[in-house]
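**Student:** The file below is data_18.pdb, PDB, C-alpha atoms:
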ATOM      1  CA  MET W  59     105.713 109.485 107.011
ATOM      2  CA  LEU W  60     106.459 110.985 110.400
ATOM      3  CA  ASP W  61     108.187 113.969 108.848
ATOM      4  CA  GLN W  62     105.086 114.784 106.803
ATOM      5  CA  LEU W  63     102.884 114.375 109.870
ATOM      6  CA  ALA W  64     105.266 116.439 111.995
ATOM      7  CA  GLN W  65     105.018 119.283 109.493
ATOM      8  CA  ASN W  66     101.223 119.098 109.654
ATOM      9  CA  THR W  67     100.619 118.282 113.321
ATOM     10  CA  ALA W  68      99.478 121.848 114.020
ATOM     11  CA  TRP W  69      96.807 121.539 111.311
ATOM     12  CA  PHE W  70      95.525 118.260 112.771
ATOM     13  CA  ASN W  71      95.574 119.630 116.313
ATOM     14  CA  GLN W  72      93.716 122.764 115.210
ATOM     15  CA  HIS W  73      91.092 120.477 113.697
ATOM     16  CA  GLY W  74      90.711 118.602 116.978
ATOM     17  CA  VAL W  75      92.713 115.554 115.959
ATOM     18  CA  LYS W  76      95.713 114.074 117.728
ATOM     19  CA  VAL W  77      98.704 112.647 115.903
ATOM     20  CA  ALA W  78     100.258 109.502 117.364
ATOM     21  CA  ALA W  79     103.148 107.413 116.112
ATOM     22  CA  VAL W  80     103.918 103.812 117.030
ATOM     23  CA  THR W  81     107.514 102.725 116.646
ATOM     24  CA  MET W  82     109.399  99.495 117.166
ATOM     25  CA  GLY W  83     112.023 101.320 119.172
ATOM     26  CA  LYS W  84     112.464 101.441 122.908
ATOM     27  CA  PRO W  85     110.544 104.200 124.755
ATOM     28  CA  TYR W  86     113.535 106.495 125.190
ATOM     29  CA  GLU W  87     114.419 106.113 121.528
ATOM     30  CA  ALA W  88     110.857 106.921 120.520
ATOM     31  CA  LYS W  89     110.856 109.924 122.830
ATOM     32  CA  MET W  90     114.036 111.358 121.340
ATOM     33  CA  PHE W  91     112.928 110.606 117.805
ATOM     34  CA  CYS W  92     109.540 112.293 118.124
ATOM     35  CA  ALA W  93     110.816 115.204 120.190
ATOM     36  CA  GLN W  94     113.252 116.055 117.407
ATOM     37  CA  ARG W  95     110.385 116.291 114.945
ATOM     38  CA  ASN W  96     107.399 117.633 116.839
ATOM     39  CA  PRO W  97     106.787 117.429 120.598
ATOM     40  CA  ASP W  98     103.017 117.509 119.990
ATOM     41  CA  ILE W  99     103.099 114.033 118.450
ATOM     42  CA  VAL W 100     102.063 111.297 120.885
ATOM     43  CA  CYS W 101     104.966 108.902 120.642
ATOM     44  CA  LEU W 102     104.411 105.236 121.431
ATOM     45  CA  SER W 103     106.715 102.277 121.653
ATOM     46  CA  ASN W 104     105.952  98.694 120.672
ATOM     47  CA  PRO W 105     109.217  96.726 120.453
ATOM     48  CA  ASP W 106     107.508  93.323 120.468
ATOM     49  CA  GLN W 107     105.365  94.416 117.489
ATOM     50  CA  THR W 108     102.138  93.056 118.983
ATOM     51  CA  ALA W 109     100.327  96.221 117.925
ATOM     52  CA  TYR W 110     101.607  95.805 114.377
ATOM     53  CA  GLN W 111     100.232  92.264 114.415
ATOM     54  CA  GLN W 112      96.864  93.263 115.896
ATOM     55  CA  TYR W 113      96.509  95.937 113.234
ATOM     56  CA  ARG W 114      97.424  93.260 110.673
ATOM     57  CA  ILE W 115     100.256  95.228 109.155
ATOM     58  CA  GLY W 116     102.198  93.147 106.683
ATOM     59  CA  ARG W 117     105.841  92.463 106.177
ATOM     60  CA  MET W 118     108.030  92.748 103.138
ATOM     61  CA  GLY W 119     108.775  89.586 101.231
ATOM     62  CA  ALA W 120     112.115  88.425  99.864
ATOM     63  CA  LYS W 121     111.621  90.351  96.628
ATOM     64  CA  GLU W 122     111.203  93.649  98.424
ATOM     65  CA  LEU W 123     114.006  92.916 100.883
ATOM     66  CA  LEU W 124     116.412  92.261  98.013
ATOM     67  CA  ASP W 125     115.454  95.526  96.346
ATOM     68  CA  PRO W 126     118.638  97.619  96.023
ATOM     69  CA  GLY W 127     116.471 100.612  96.813
ATOM     70  CA  LEU W 128     116.081  99.374 100.379
ATOM     71  CA  ALA W 129     119.797  99.705 101.030
ATOM     72  CA  LEU W 130     119.908 103.012  99.194
ATOM     73  CA  ASN W 131     116.996 104.309 101.203
ATOM     74  CA  GLY W 132     118.689 103.195 104.398
ATOM     75  CA  ALA W 133     121.832 105.014 103.361
ATOM     76  CA  ARG W 134     119.810 108.124 102.538
ATOM     77  CA  ILE W 135     118.174 108.116 105.964
ATOM     78  CA  ALA W 136     121.500 107.482 107.668
ATOM     79  CA  VAL W 137     122.957 110.498 105.875
ATOM     80  CA  LYS W 138     119.974 112.574 106.994
ATOM     81  CA  GLY W 139     120.652 111.508 110.564
ATOM     82  CA  GLY W 140     117.484 109.460 110.925
ATOM     83  CA  TYR W 141     119.292 106.318 111.963
ATOM     84  CA  LYS W 142     121.166 106.319 115.204
ATOM     85  CA  ALA W 143     123.916 103.912 116.129
ATOM     86  CA  GLY W 144     122.565 101.020 118.121
ATOM     87  CA  LEU W 145     119.009 101.294 116.857
ATOM     88  CA  ARG W 146     119.211  99.069 113.843
ATOM     89  CA  THR W 147     120.154  95.699 115.227
ATOM     90  CA  ASP W 148     116.967  95.073 117.177
ATOM     91  CA  MET W 149     114.562  96.448 114.599
ATOM     92  CA  ASP W 150     112.671  94.493 112.014
ATOM     93  CA  MET W 151     113.588  95.742 108.559
ATOM     94  CA  ALA W 152     110.895  93.594 106.946
ATOM     95  CA  GLN W 153     108.086  95.248 108.864
ATOM     96  CA  LEU W 154     105.863  97.519 106.789
ATOM     97  CA  GLY W 155     104.038 100.579 108.089
ATOM     98  CA  ALA W 156     100.433 101.734 108.056
ATOM     99  CA  THR W 157      98.315 104.721 108.972
ATOM    100  CA  PHE W 158      94.818 104.841 110.433
ATOM    101  CA  ILE W 159      92.371 107.546 111.435
ATOM    102  CA  ILE W 160      90.291 106.469 114.418
ATOM    103  CA  ASP W 161      87.310 108.383 115.801
ATOM    104  CA  THR W 162      86.378 108.774 119.466
ATOM    105  CA  ALA W 163      84.158 105.692 119.296
ATOM    106  CA  GLY W 164      87.173 103.628 118.293
ATOM    107  CA  THR W 165      85.990 103.175 114.712
ATOM    108  CA  LEU W 166      88.431 103.157 111.831
ATOM    109  CA  ARG W 167      87.697 106.077 109.526
ATOM    110  CA  LEU W 168      90.710 105.722 107.249
ATOM    111  CA  VAL W 169      92.930 102.724 106.626
ATOM    112  CA  HIS W 170      96.149 102.813 104.644
ATOM    113  CA  TYR W 171      98.509  99.844 104.564
ATOM    114  CA  ASN W 172     101.845 100.716 103.032
ATOM    115  CA  ARG W 173     102.376  98.518  99.984
ATOM    116  CA  ASN W 174     106.144  98.806 100.194
ATOM    117  CA  GLN W 175     108.869 100.726 101.973
ATOM    118  CA  TYR W 176     108.282 103.848  99.912
ATOM    119  CA  ASP W 177     104.520 103.946 100.195
ATOM    120  CA  HIS W 178     102.562 106.098 102.641
ATOM    121  CA  PRO W 179      99.286 108.006 102.476
ATOM    122  CA  GLU W 180      99.300 111.525 101.138
ATOM    123  CA  VAL W 181      98.769 114.099 103.882
ATOM    124  CA  ALA W 182      96.029 115.652 101.711
ATOM    125  CA  LYS W 183      94.153 112.345 101.890
ATOM    126  CA  LEU W 184      94.451 112.341 105.694
ATOM    127  CA  LYS W 185      93.228 115.934 105.878
ATOM    128  CA  ALA W 186      90.272 115.126 103.626
ATOM    129  CA  ALA W 187      89.349 112.224 105.912
ATOM    130  CA  VAL W 188      89.526 114.534 108.934
ATOM    131  CA  ASP W 189      87.311 117.091 107.169
ATOM    132  CA  ALA W 190      84.812 114.335 106.345
ATOM    133  CA  LEU W 191      84.884 113.150 109.924
ATOM    134  CA  LYS W 192      84.210 116.637 111.215
ATOM    135  CA  ALA W 193      81.439 117.204 108.665
ATOM    136  CA  ALA W 194      79.730 113.993 109.758
ATOM    137  CA  ALA W 195      79.926 114.886 113.458
TER     138      ALA W 195
ATOM    139  CA  MET U 156     100.299  80.768 109.428
ATOM    140  CA  ALA U 157      97.063  81.795 107.760
ATOM    141  CA  LYS U 158      97.092  85.234 106.223
ATOM    142  CA  GLN U 159      94.786  87.536 108.146
ATOM    143  CA  ASN U 160      92.441  89.921 106.413
ATOM    144  CA  LYS U 161      93.388  93.528 106.725
ATOM    145  CA  LEU U 162      91.331  95.914 108.814
ATOM    146  CA  THR U 163      88.814  98.023 106.918
ATOM    147  CA  VAL U 164      87.012 101.338 107.356
ATOM    148  CA  ASN U 165      84.133 101.223 109.871
ATOM    149  CA  GLU U 166      85.668  98.303 111.753
ATOM    150  CA  ALA U 167      86.578  98.684 115.398
ATOM    151  CA  ALA U 168      90.196  99.622 115.932
ATOM    152  CA  PRO U 169      92.066  97.108 118.101
ATOM    153  CA  ASP U 170      92.502  98.502 121.601
ATOM    154  CA  ILE U 171      95.727  97.075 122.851
ATOM    155  CA  GLN U 172      98.398  98.086 125.272
ATOM    156  CA  VAL U 173     101.600  99.723 124.125
ATOM    157  CA  VAL U 174     104.167 101.818 125.984
ATOM    158  CA  ASN U 175     104.352 105.597 125.993
ATOM    159  CA  ALA U 176     107.531 107.601 125.594
ATOM    160  CA  ASP U 177     108.066 107.564 129.350
ATOM    161  CA  GLY U 178     107.964 103.779 129.408
ATOM    162  CA  GLU U 179     104.515 103.547 130.979
ATOM    163  CA  PRO U 180     101.876 101.136 129.645
ATOM    164  CA  ILE U 181      99.035 102.847 127.829
ATOM    165  CA  ARG U 182      95.978 101.523 126.024
ATOM    166  CA  LEU U 183      95.405 102.878 122.547
ATOM    167  CA  ALA U 184      91.745 103.588 123.383
ATOM    168  CA  SER U 185      92.877 106.195 125.897
ATOM    169  CA  ILE U 186      94.398 108.135 123.017
ATOM    170  CA  TRP U 187      91.262 108.288 120.900
ATOM    171  CA  ALA U 188      88.861 108.597 123.875
ATOM    172  CA  THR U 189      88.656 112.381 123.762
ATOM    173  CA  LYS U 190      89.724 113.268 120.217
ATOM    174  CA  PRO U 191      90.099 111.386 116.948
ATOM    175  CA  VAL U 192      93.630 110.335 116.181
ATOM    176  CA  VAL U 193      95.861 109.876 113.175
ATOM    177  CA  LEU U 194      97.715 106.746 114.232
ATOM    178  CA  THR U 195     100.737 105.872 112.156
ATOM    179  CA  PHE U 196     102.870 102.761 112.519
ATOM    180  CA  LEU U 197     106.447 103.424 111.509
ATOM    181  CA  ARG U 198     108.813 100.852 110.139
ATOM    182  CA  HIS U 199     111.958 102.643 111.187
ATOM    183  CA  PHE U 200     113.298 105.779 112.755
ATOM    184  CA  GLY U 201     113.777 107.914 109.709
TER     185      GLY U 201
END
Produce structure tokens that represent the structure in this file.
**Tutor:**
Amino acid sequence: MLDQLAQNTAWFNQHGVKVAAVTMGKPYEAKMFCAQRNPDIVCLSNPDQTAYQQYRIGRMGAKELLDPGLALNGARIAVKGGYKAGLRTDMDMAQLGATFIIDTAGTLRLVHYNRNQYDHPEVAKLKAAVDALKAAA
Amino acid sequence: MAKQNKLTVNEAAPDIQVVNADGEPIRLASIWATKPVVLTFLRHFG
């Protein structure tokens, strides 16, 4: 998801919207990770996953964790250079992701909970939500 | 543990403290205070 957002951060910024990413990594890991993709992304760290819990983001069950695709996807990302040595052991592979659009009043304008490890919202859907937000302002 | 309902559109976003890339505590509300934000929670670095 971050790669898609990184490629479109300029569009969001031009439309008056920030892009922020919460990771389970340590701050320096998050900093390196985001800086490699787009320095305009606000990179946040939440190793204890309290934010994930407060935003009620689910976890994968045994069925999903036993999916051979999970290992294959991990291998794919490792080949791409997304995984760095030392990062994996303290991260929660069962944790799912999610994406929200939040306005300046702190109201959720878009909510997308990833259904599985492959799921994420289409960037076009995020852009449409931003356009709707701007039109309503 | 009881399963919690998911957040929905038009609900208030939880304003909690996380840590920025420099290791300093930051409240999420400070991020959306001046501009709307696309806030994504990643499940891994990749």
**Student:** Evaluated on this file, the ChimeraX specification (/W :<7) & /U picks out some residues - which ones are they, written as a VMD selection string?
**Tutor:** chain U and resid 159 161 to 169 171 173 to 178 184 187 to 198 200 to 201
**Student:** For atom CA of U:Arg182 and atom CA of W:Asn96, quote the distance in Å rounded to one decimal.
**Tutor:**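 Between atom CA of U:Arg182 and atom CA of W:Asn96 the gap is 21.8 Å.
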**Student:** What is the distance between atom CA of U:Ile186 and atom CA of W:Pro97, in Å to one decimal?
**Tutor:**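 Distance reported for this atom pair: 15.7 Å.
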**Student:** Set up a box along x, y and z of the file covering all listed atoms of stretch 187-195 of chain U, add 3 Å on every one of the six sides, and write the centre and edge lengths in Å to one decimal, as AutoDock Vina command-line options.
**Tutor:**
--center_x 94.7 --center_y 109.6 --center_z 118.0 --size_x 18.1 --size_y 13.4 --size_z 17.7
**Student:** Distance atom CA of U:Ile181-atom CA of W:Ala195, one decimal place?
**Tutor:**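 Calculated distance between atom CA of U:Ile181 and atom CA of W:Ala195 is 26.8 Å.
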**Student:** Which is closest to W:Lys121 among W:Glu180, W:Gln65, W:Asp189, W:Asn174, if we use all atoms listed in the file?
**Tutor:**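 Of the candidates, the smallest distance to W:Lys121 is held by W:Asn174.
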